[in-house]
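Coordinates from start-v1.tsv are shown below (TSV, C-alpha atoms).
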chain	number	residue	atom	x	y	z
P	1	CYS	CA	82.84	116.62	22.85
P	2	ASP	CA	79.30	116.34	24.19
P	3	VAL	CA	79.31	113.17	26.32
P	4	SER	CA	75.79	112.31	25.16
P	5	ARG	CA	77.05	112.14	21.57
P	6	CYS	CA	80.31	110.32	22.27
P	7	SER	CA	78.85	106.85	22.57
P	8	THR	CA	82.18	105.23	21.58
P	9	PHE	CA	83.94	106.68	24.65
P	10	ARG	CA	83.73	105.63	28.30
P	11	TYR	CA	84.44	108.06	31.13
P	12	VAL	CA	85.49	107.74	34.75
P	13	ILE	CA	84.72	110.81	36.87
P	14	GLN	CA	86.18	111.17	40.36
P	15	LYS	CA	85.88	113.85	43.01
P	16	TYR	CA	89.00	115.98	43.31
P	17	VAL	CA	90.70	115.35	46.67
P	18	CYS	CA	91.60	118.52	48.56
P	19	ASN	CA	94.08	119.09	51.37
P	20	GLU	CA	96.44	116.43	50.02
P	21	MET	CA	99.69	115.60	51.73
P	22	THR	CA	102.71	116.54	49.61
P	23	PHE	CA	106.14	114.95	49.24
P	24	ASP	CA	108.84	117.66	49.25
P	25	GLY	CA	106.24	120.02	47.79
P	26	LEU	CA	105.15	117.57	45.08
P	27	LYS	CA	101.80	115.88	44.65
P	28	PHE	CA	102.11	112.12	45.04
P	29	ASP	CA	100.22	108.89	45.34
P	30	PHE	CA	101.30	105.59	46.80
P	31	ARG	CA	101.06	102.22	45.13
P	32	THR	CA	100.37	98.90	46.79
P	33	TYR	CA	100.54	95.41	45.34
P	34	TRP	CA	97.96	92.70	45.82
P	35	ILE	CA	97.90	89.13	44.63
P	36	VAL	CA	95.19	86.58	44.08
P	37	ILE	CA	96.88	83.35	45.14
P	38	SER	CA	93.74	81.29	44.67
P	39	MET	CA	90.44	81.77	42.87
P	40	ASP	CA	88.67	78.75	44.34
P	41	PRO	CA	88.47	79.57	47.19
P	42	LEU	CA	89.27	83.25	46.61
P	43	VAL	CA	92.29	84.36	48.65
P	44	VAL	CA	93.80	87.84	48.21
P	45	MET	CA	96.92	89.30	49.83
P	46	TYR	CA	98.35	92.82	50.21
P	47	HIS	CA	101.93	94.14	50.03
P	48	ASP	CA	103.48	97.62	50.39
P	49	ALA	CA	105.05	99.00	47.20
P	50	PHE	CA	106.32	102.54	46.49
P	51	VAL	CA	105.50	106.22	45.92
P	52	ARG	CA	104.84	107.98	42.58
P	53	LEU	CA	105.71	111.67	42.52
P	54	GLY	CA	104.47	114.59	40.45
P	55	ASN	CA	106.77	116.63	38.24
P	56	ALA	CA	106.21	120.19	39.51
P	57	LYS	CA	105.62	122.02	42.76
P	58	TYR	CA	102.02	121.37	43.75
P	59	ASP	CA	99.38	123.98	44.47
P	60	GLU	CA	95.91	122.47	44.56
P	61	SER	CA	94.34	125.90	43.94
P	62	ASP	CA	96.29	126.53	40.73
P	63	PHE	CA	95.20	124.75	37.54
P	64	SER	CA	97.31	126.91	35.22
P	65	ASN	CA	99.87	124.07	35.19
P	66	THR	CA	97.93	120.82	35.10
P	67	VAL	CA	101.16	118.75	35.02
P	68	SER	CA	101.63	119.47	38.73
P	69	HIS	CA	98.32	117.66	39.38
P	70	LEU	CA	99.51	114.41	37.76
P	71	THR	CA	101.43	111.57	39.38
P	72	THR	CA	101.63	109.28	36.37
P	73	GLY	CA	103.96	109.39	33.38
P	74	VAL	CA	101.11	110.41	31.06
P	75	GLY	CA	101.74	113.79	29.46
P	76	THR	CA	104.82	114.48	31.57
P	77	SER	CA	108.51	114.50	30.81
P	78	MET	CA	109.47	111.99	33.49
P	79	TRP	CA	108.07	109.72	36.16
P	80	ASN	CA	109.60	110.09	39.61
P	81	LYS	CA	109.36	107.45	42.32
P	82	ASP	CA	110.50	106.96	45.88
P	83	SER	CA	110.63	104.07	48.30
P	84	TRP	CA	108.08	102.86	50.82
P	85	ALA	CA	110.60	103.57	53.58
P	86	SER	CA	110.62	107.25	52.56
P	87	PHE	CA	106.82	107.24	52.58
P	88	GLU	CA	106.74	105.80	56.09
P	89	GLN	CA	109.13	108.48	57.32
P	90	LEU	CA	106.95	111.17	55.72
P	91	ILE	CA	103.91	109.80	57.57
P	92	LYS	CA	105.75	109.68	60.91
P	93	ASP	CA	107.03	113.25	60.57
P	94	HIS	CA	103.61	114.55	59.55
P	95	ALA	CA	101.80	112.78	62.38
P	96	LYS	CA	104.30	113.93	64.99
P	97	LYS	CA	103.64	117.54	64.01
P	98	HIS	CA	99.94	117.52	63.14
P	99	LEU	CA	98.34	114.31	64.53
P	100	PRO	CA	100.19	113.43	67.74
P	101	HIS	CA	97.23	111.40	69.04
P	102	LEU	CA	97.96	108.63	66.50
P	103	ARG	CA	100.02	105.96	68.26
P	104	ASP	CA	101.14	104.23	65.05
P	105	PRO	CA	100.45	106.48	62.03
P	106	VAL	CA	102.12	104.11	59.54
P	107	GLU	CA	99.98	101.18	60.58
P	108	HIS	CA	96.95	103.52	60.56
P	109	VAL	CA	97.54	104.17	56.85
P	110	LYS	CA	98.36	100.57	55.97
P	111	LYS	CA	95.24	99.26	57.69
P	112	GLN	CA	93.12	101.54	55.52
P	113	ALA	CA	94.86	100.22	52.39
P	114	ARG	CA	94.38	96.62	53.52
P	115	GLN	CA	90.66	97.15	54.08
P	116	ALA	CA	90.25	98.91	50.71
P	117	THR	CA	91.99	96.00	48.99
P	118	GLY	CA	89.84	93.44	50.74
P	119	GLU	CA	86.71	95.35	49.77
P	120	MET	CA	87.85	95.42	46.12
P	121	ALA	CA	88.28	91.66	46.21
P	122	ALA	CA	84.80	91.25	47.66
P	123	ALA	CA	83.35	93.48	44.94
P	124	PHE	CA	85.01	91.40	42.19
P	125	LYS	CA	84.46	87.92	43.64
P	126	ASP	CA	81.34	87.11	41.59
P	127	SER	CA	82.56	88.59	38.33
P	128	VAL	CA	86.23	89.06	37.52
P	129	PHE	CA	87.51	86.73	40.24
P	130	LYS	CA	85.34	83.74	39.50
P	131	VAL	CA	86.48	80.54	37.86
P	132	GLY	CA	84.51	79.09	35.00
P	133	THR	CA	83.80	82.50	33.44
P	134	LYS	CA	85.09	84.20	30.32
P	135	HIS	CA	87.82	85.74	32.48
P	136	PHE	CA	89.12	82.46	33.96
P	137	ALA	CA	88.03	79.17	32.45
P	138	SER	CA	90.50	77.01	34.41
P	139	GLU	CA	89.74	75.29	37.73
P	140	ASN	CA	92.02	77.67	39.62
P	141	THR	CA	94.59	80.37	38.89
P	142	PHE	CA	96.46	83.31	40.41
P	143	GLY	CA	96.87	86.99	39.50
P	144	TRP	CA	99.12	90.00	40.10
P	145	PHE	CA	97.63	93.46	40.62
P	146	ALA	CA	98.25	96.92	42.10
P	147	ALA	CA	96.24	99.79	43.55
P	148	ASP	CA	97.01	103.52	43.71
P	149	PHE	CA	95.93	105.77	46.58
P	150	ILE	CA	96.08	109.45	47.50
P	151	ILE	CA	96.51	110.46	51.14
P	152	ASP	CA	95.33	113.73	52.67
P	153	ASN	CA	96.68	115.70	55.61
P	154	ASP	CA	94.29	113.90	57.97
P	155	LEU	CA	96.05	110.65	56.97
P	156	ASP	CA	92.87	109.38	55.34
P	157	ILE	CA	93.44	107.58	52.05
P	158	TRP	CA	91.48	107.77	48.78
P	159	LEU	CA	91.47	105.03	46.15
P	160	LEU	CA	92.45	106.25	42.69
P	161	GLU	CA	92.29	103.00	40.76
P	162	ALA	CA	93.12	99.33	40.71
P	163	GLN	CA	95.79	98.21	38.25
P	164	ARG	CA	95.90	95.03	36.21
P	165	GLY	CA	99.39	94.19	34.99
P	166	PRO	CA	101.31	96.97	36.83
P	167	ALA	CA	104.67	98.07	35.44
P	168	LEU	CA	107.71	96.28	36.83
P	169	ASP	CA	110.52	98.58	35.71
P	170	GLU	CA	113.72	98.50	37.75
P	171	SER	CA	114.93	102.06	37.23
P	172	HIS	CA	115.52	102.43	40.97
P	173	MET	CA	117.48	100.07	43.19
P	174	PHE	CA	114.67	99.91	45.74
P	175	ARG	CA	112.41	98.60	42.95
P	176	VAL	CA	114.89	95.80	42.24
P	177	ASP	CA	114.87	94.77	45.91
P	178	LEU	CA	111.08	95.11	46.10
P	179	ASN	CA	110.48	92.98	43.00
P	180	ASN	CA	112.82	90.29	44.27
P	181	GLU	CA	111.07	90.14	47.64
P	182	VAL	CA	107.57	90.19	46.22
P	183	PHE	CA	107.99	87.66	43.42
P	184	ILE	CA	110.00	85.10	45.35
P	185	GLU	CA	107.34	85.01	48.06
P	186	MET	CA	104.44	85.17	45.60
P	187	PHE	CA	105.57	82.10	43.65
P	188	SER	CA	106.33	80.25	46.88
P	189	LEU	CA	102.75	80.94	48.01
P	190	VAL	CA	101.24	79.89	44.68
P	191	ASN	CA	103.27	76.68	44.67
P	192	GLU	CA	102.13	75.94	48.22
P	193	VAL	CA	98.50	76.41	47.22
P	194	ILE	CA	98.92	74.03	44.26
P	195	GLU	CA	100.53	71.35	46.41
P	196	LYS	CA	97.85	71.61	49.11
P	197	GLN	CA	94.96	71.46	46.66
P	198	GLU	CA	96.47	68.45	44.88
P	199	ALA	CA	96.72	66.71	48.27
P	200	GLY	CA	93.16	67.71	49.21
P	201	LEU	CA	94.33	69.89	52.10
P	202	PRO	CA	92.96	73.29	53.17
P	203	ILE	CA	94.92	76.26	51.81
P	204	MET	CA	95.16	78.24	55.02
P	205	PRO	CA	97.30	78.81	56.97
P	206	LEU	CA	100.22	79.34	54.59
P	207	LYS	CA	103.69	78.51	55.89
P	208	ASN	CA	105.39	80.58	53.13
P	209	GLN	CA	103.51	83.78	54.00
P	210	LYS	CA	106.05	86.31	55.30
P	211	THR	CA	105.61	89.88	54.03
P	212	PHE	CA	102.13	89.61	52.49
P	213	ASP	CA	98.99	90.30	54.55
P	214	THR	CA	95.77	88.38	53.93
P	215	VAL	CA	92.91	90.81	53.19
P	216	TYR	CA	90.29	88.46	51.73
P	217	GLU	CA	89.75	84.76	52.38
P	218	ASP	CA	86.70	82.90	51.09
P	219	GLY	CA	84.18	85.52	52.25
P	220	TRP	CA	86.18	87.02	55.12
P	221	VAL	CA	87.25	90.66	54.51
P	222	TYR	CA	89.96	92.49	56.43
P	223	THR	CA	88.44	95.33	58.49
P	224	TYR	CA	90.18	98.21	60.24
P	225	ASP	CA	88.27	97.99	63.52
P	226	GLY	CA	87.43	101.32	65.12
P	227	TYR	CA	88.52	103.40	62.15
P	228	LYS	CA	86.58	106.58	61.45
P	229	ARG	CA	87.49	109.05	58.73
P	230	SER	CA	87.84	112.72	59.62
P	231	ASP	CA	84.42	114.34	59.13
P	232	ARG	CA	85.73	117.90	58.77
P	233	LYS	CA	87.56	117.88	55.46
P	234	LYS	CA	89.17	121.06	54.18
P	235	THR	CA	87.72	122.20	50.86
P	236	CYS	CA	89.66	123.33	47.79
P	237	SER	CA	90.23	127.00	47.05
P	238	ILE	CA	90.81	127.51	43.33
P	239	LYS	CA	92.69	130.59	42.19
P	240	GLY	CA	90.65	133.00	40.12
P	241	VAL	CA	87.32	131.90	41.60
P	242	SER	CA	85.74	133.75	44.51
P	243	GLU	CA	82.32	134.18	46.09
P	244	ASP	CA	81.88	137.29	43.93
P	245	ASP	CA	81.82	135.01	40.89
P	246	SER	CA	78.76	133.09	42.05
P	247	GLU	CA	76.47	134.95	39.66
P	248	SER	CA	78.84	134.77	36.70
P	249	ASP	CA	77.51	133.25	33.46
P	250	ASP	CA	80.97	132.08	32.41
P	251	PRO	CA	80.68	128.25	32.12
P	252	LYS	CA	84.33	127.80	33.20
P	253	VAL	CA	83.72	129.75	36.38
P	254	GLN	CA	80.56	127.79	37.12
P	255	ALA	CA	82.40	124.49	36.53
P	256	MET	CA	85.08	125.52	39.03
P	257	LYS	CA	82.41	126.52	41.55
P	258	ARG	CA	80.81	123.08	41.21
P	259	MET	CA	84.19	121.44	41.73
P	260	ILE	CA	84.74	123.44	44.92
P	261	SER	CA	81.31	122.60	46.31
P	262	SER	CA	81.62	118.90	45.44
P	263	THR	CA	84.76	118.52	47.56
P	264	SER	CA	83.19	119.89	50.72

Could you render the structure from this file as structure tokens?
Amino acid sequence: CDVSRCSTFRYVIQKYVCNEMTFDGLKFDFRTYWIVISMDPLVVMYHDAFVRLGNAKYDESDFSNTVSHLTTGVGTSMWNKDSWASFEQLIKDHAKKHLPHLRDPVEHVKKQARQATGEMAAAFKDSVFKVGTKHFASENTFGWFAADFIIDNDLDIWLLEAQRGPALDESHMFRVDLNNEVFIEMFSLVNEVIEKQEAGLPIMPLKNQKTFDTVYEDGWVYTYDGYKRSDRKKTCSIKGVSEDDSESDDPKVQAMKRMISSTS
């Protein structure tokens, strides 16, 4: 369909991330949770979640099997997941072999996710996360969200999307434990906010905050101080496309060439 004629459709176009880290040979992304415990003032908190795995051995240069490039349940036969603990071990093993200069590679990744979450909150504060609008007409409220990220072999993360109303299935025991931990603390925090606001007290600090990290608080945004992304990213190499094809008139070949150049 010609996009210019498909006025009833909306599209999101993202750059393809090359040199991705794999999980036992599978493409994967990692999910984080974030909660809005107050809208007035806006306070947002971050929590680790889990890993979503692809369904076939991953080769970023091979698009003959597009299923291997997916990490969601859409168009696939199953949806694999693994725990945050497994993700942390993957990061440690990778850093020990390839990035030994990182003193705490797990915290390095988590700090990036915290900053990205705080920046999302800042971007939404005057629209979606604003009381008295069509989204939230009440004086104050709370919300439950998620975000999905890809990580490359430099241990730099890339935001895929934010999620409203993330799935809460308990098909894995680690999800049961995670949900219990997250929801018990979340409702304790929300109840604390309600009690403090009714008493005319400031929200922060929160005595019930244990495993959540504050990433946005009434204008303050969490920042990973000193962080600098790798500036020498490896580009994609797509099978069936070479420099000899640069003069080809085949639109598919030209589209692949543009994809390669856009990821440099």

Q | Residue neighbourhood Asp40 of chain P, 10 Å, all atoms listed in the file, exclusion window fewer than 2 positions, as a ChimeraX atom specification | A | /P:37-38,42-43,129-131,139-142,197,218

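The smallest atom-to-atom distance between Pro41 of chain P and any of P:Val193, P:Leu26, P:Ala113, P:Leu90, using all atoms listed in the file, is found for P:Val193.
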
Q | Separation of atom CA of Asp213 of chain P from atom CA of Ser86 of chain P in Å | A | 20.7 Å

(Q) Restricting the calculation to only C-alpha atoms: of P:Val176, P:Val221, P:Cys236, P:Ala199, which residue gets closest to Phe50 of chain P? (A)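 Counting only C-alpha atoms, the residue closest to Phe50 of chain P is P:Val176.
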
Q.
Report as a list in words all protein, DNA and RNA residues lying within 8 Å of segment 158-174 of chain P, evaluated on all atoms listed in the file, omitting residues in the same chain fewer than 4 positions from it.
A.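 Neighbouring residues, sequence-local ones excluded: Val17, Ser83, Ala116, Trp144, Phe145, Ala146, Ala147, Asp148, Phe149, Ile150, Ile151, Leu178 and Asn179 of chain P.
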
May I have the selected residues written with C-alpha atoms, as a compact mmCIF listing (two decimals), in the frame of the given file?
# COMPACT_ATOMS: atom_id res chain seq x y z
CA VAL P 17 90.70 115.35 46.67
CA SER P 83 110.63 104.07 48.30
CA ALA P 116 90.25 98.91 50.71
CA TRP P 144 99.12 90.00 40.10
CA PHE P 145 97.63 93.46 40.62
CA ALA P 146 98.25 96.92 42.10
CA ALA P 147 96.24 99.79 43.55
CA ASP P 148 97.01 103.52 43.71
CA PHE P 149 95.93 105.77 46.58
CA ILE P 150 96.08 109.45 47.50
CA ILE P 151 96.51 110.46 51.14
CA LEU P 178 111.08 95.11 46.10
CA ASN P 179 110.48 92.98 43.00

Q) What is the atom CA of His98 of chain P to atom CA of Lys27 of chain P distance in Å? A)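 Answer for the atom CA of His98 of chain P to atom CA of Lys27 of chain P separation: 18.7 Å.
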
Q: Grab the atom CA of Lys210 of chain P to atom CA of Glu195 of chain P distance for me, in Å with one decimal place.
A: 18.3 Å

Q. For Ala95 of chain P, which of P:Thr214, P:Asn153, P:Asn191, P:Gln209 is the closest residue, counting only C-alpha atoms?
A. P:Asn153

Q: Can you work out which one of P:Arg175, P:Arg114, P:His101, P:Lys207 has the shortest atom-to-atom distance to Val51 of chain P, counting all atoms listed in the file?
A: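 Smallest distance to Val51 of chain P is found for P:Arg175.
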
Q.
Here is a test: counting only C-alpha atoms, which residue of P:Glu181, P:Ser61, P:Val67, P:Lys97 is nearest to Asn19 of chain P?
A.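 When distances to Asn19 of chain P are compared using only C-alpha atoms, the smallest one comes from P:Ser61.
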
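The shortest atom-to-atom distance to Ser68 of chain P, with only C-alpha atoms taken into account, belongs to P:Leu53 out of P:Cys18, P:Leu53, P:Ile203, P:Val215.
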
(Q) Residues near Tyr216 of chain P, anyone? I mean within 7 Å using all atoms listed in the file, not counting same-chain ones fewer than 6 positions away, as a list in words. (A) Val43, Val44, Met45, Gly118, Ala121 and Tyr222 of chain P

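Proximity to Arg52 of chain P at 7 Å, evaluated using only C-alpha atoms and with sequence-adjacent residues fewer than 6 positions away removed, yields Phe28, Asp29, Phe30, Thr71, Asn80, Lys81 and Asp82 of chain P.
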